[in-house]
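Comments concern the structure below.
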Amino acid sequence: MPSQQDQIWIKMWKENSPELRAKAVEWRKQNALVRVDRPSRIQRARRLGYKAKQGIVVVRMRVGKGNMRKKRPVAGRRPKHLGVLRIKPALSMQRVAERRVLERFPNMDLLGSYYVHQDGLYLWYEVILADVSHPRIIKDKEIRGKLSTLKN
């Protein structure tokens, strides 16, 4: 059963509320990867292991929507066998977003990620990262346990 905060967010998302659309317009102007102060879906973030403490970072990642595109071959063949259309990625866009964030933050470990919003061009995910070498994270048994179970 989703919490009341999550239900409010889901209702806003389903109704395509003006507040959420205004945020999406703002996010479109920002860079693809933006570090945020606090998660936009706090309950979802807490279920994934987020805590407002040093050593934990939340990043909003923008990923392009749509299928993969392949270059059209030069040599002649019938259009059906060109192999340009209907090519799907093996990974979900959420996994792509997580991978891109981890490339930019090599010293961090992934706690989890969740969907935030989408429009015609982009998908946004918020990714929660933990710095395993930070003293506050080393002392926190709960977060260390989550990180060790994710690695196995």
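Identifiers for the structure tokens are assigned positionally: chains receive A, B, ... in sequence, residues are indexed from 1 per chain, and ligands are indexed from 1 in the order shown.
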Give me every strand (DSSP E) residue in chain A, going by DSSP on the backbone, as a ChimeraX atom specification.
/A:33-36,56-64,108-118,122-131
What's around His134 (chain A) at 12 Å? Count only C-alpha atoms, leave out sequence neighbours fewer than 6 positions away in its own chain, and write the answer as a VMD selection string.
chain A and resid 53 to 57 107 to 109 140 143 to 144
Would you export the selected residues with N, CA, C and O atoms as a JSON list (two decimals), in the first residue's frame, please?
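Writing done, so here's out.json:
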```json
[["chain", "number", "residue", "atom", "x", "y", "z"],
["A", 53, "LYS", "N", 21.73, 12.38, 5.58],
["A", 53, "LYS", "CA", 22.98, 12.41, 6.33],
["A", 53, "LYS", "C", 24.14, 12.57, 5.36],
["A", 53, "LYS", "O", 23.99, 12.37, 4.16],
["A", 54, "GLN", "N", 25.27, 12.92, 5.91],
["A", 54, "GLN", "CA", 26.47, 13.09, 5.09],
["A", 54, "GLN", "C", 26.85, 11.75, 4.48],
["A", 54, "GLN", "O", 26.70, 10.71, 5.10],
["A", 55, "GLY", "N", 27.34, 11.80, 3.26],
["A", 55, "GLY", "CA", 27.76, 10.58, 2.59],
["A", 55, "GLY", "C", 26.71, 10.01, 1.66],
["A", 55, "GLY", "O", 26.98, 9.08, 0.91],
["A", 56, "ILE", "N", 25.49, 10.56, 1.71],
["A", 56, "ILE", "CA", 24.42, 10.11, 0.81],
["A", 56, "ILE", "C", 24.07, 11.25, -0.14],
["A", 56, "ILE", "O", 23.89, 12.39, 0.29],
["A", 57, "VAL", "N", 24.02, 10.92, -1.42],
["A", 57, "VAL", "CA", 23.80, 11.92, -2.47],
["A", 57, "VAL", "C", 22.61, 11.49, -3.32],
["A", 57, "VAL", "O", 22.45, 10.30, -3.61],
["A", 107, "ASN", "N", 33.40, 6.91, -6.94],
["A", 107, "ASN", "CA", 33.66, 6.55, -5.55],
["A", 107, "ASN", "C", 32.39, 6.18, -4.79],
["A", 107, "ASN", "O", 32.44, 5.79, -3.64],
["A", 108, "MET", "N", 31.23, 6.28, -5.45],
["A", 108, "MET", "CA", 29.94, 6.02, -4.78],
["A", 108, "MET", "C", 29.39, 4.65, -5.15],
["A", 108, "MET", "O", 29.74, 4.10, -6.19],
["A", 109, "ASP", "N", 28.50, 4.15, -4.30],
["A", 109, "ASP", "CA", 27.79, 2.90, -4.58],
["A", 109, "ASP", "C", 26.31, 3.20, -4.69],
["A", 109, "ASP", "O", 25.78, 4.08, -4.00],
["A", 140, "ASP", "N", 27.03, 3.39, 9.88],
["A", 140, "ASP", "CA", 25.62, 3.03, 9.71],
["A", 140, "ASP", "C", 25.48, 1.59, 9.22],
["A", 140, "ASP", "O", 25.71, 1.29, 8.06],
["A", 143, "ILE", "N", 22.70, 0.93, 6.25],
["A", 143, "ILE", "CA", 23.11, 1.28, 4.88],
["A", 143, "ILE", "C", 24.20, 0.33, 4.39],
["A", 143, "ILE", "O", 24.16, -0.12, 3.23],
["A", 144, "ARG", "N", 25.15, -0.01, 5.26],
["A", 144, "ARG", "CA", 26.20, -0.97, 4.86],
["A", 144, "ARG", "C", 25.59, -2.30, 4.48],
["A", 144, "ARG", "O", 26.02, -2.95, 3.54]]
```
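Going from CA of Leu85 (chain A) to CA of Lys70 (chain A) covers 7.5 Å.
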Coordinates-based distance that separates CA of Trp27 (chain A) from CA of Leu48 (chain A) (Å, one decimal):
23.0 Å
Could you pull out the residues in chain A that DSSP calls alpha helix (DSSP H) from the backbone, as a ChimeraX atom specification?
/A:4-15,18-29,42-48,93-104,135-139,141-151
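Restricting the calculation to only C-alpha atoms, the smallest distance between Met93 (chain A) and any of A:Lys65, A:Arg21, A:Arg78, A:Arg41 is found for A:Lys65.
Closest approach to Leu129 (chain A) from the set A:Arg72, A:Arg95, A:Lys51, A:His81 is made by A:Lys51, with distances taken over only C-alpha atoms.
Minimum atom-to-atom distances from A:Leu33, A:Ala90, A:Leu111, A:Arg60 to Ile137 (chain A) were compared using only C-alpha atoms, and the lowest value belongs to A:Leu111.
Distances to Ser113 (chain A) were evaluated for A:Val127, A:Ala22, A:Leu91, A:Val59 using only C-alpha atoms, and the minimum falls at A:Val127.
Across A:Ala24, A:Ile128, A:Ile8, A:Ala75, the tightest approach to Gly49 (chain A) is made by A:Ile128 when counting only C-alpha atoms.
Distance annotation: of A:Gly112, A:Gly120, A:Gly66, A:Pro135, the residue with the minimal separation from Leu150 (chain A) is A:Gly112; atom set is only C-alpha atoms.
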Using only C-alpha atoms, which protein or nucleic acid residues come within 12 Å of Ile10 (chain A)? Drop anything in the same chain fewer than 6 positions from it, and give the result as an MDAnalysis selection string.
chainID A and resid 2:4 16:17 20 41 44 115:117
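Our summary of the geometry notes that CA of Met61 (chain A) is positioned 5.7 Å from CA of Ala32 (chain A).
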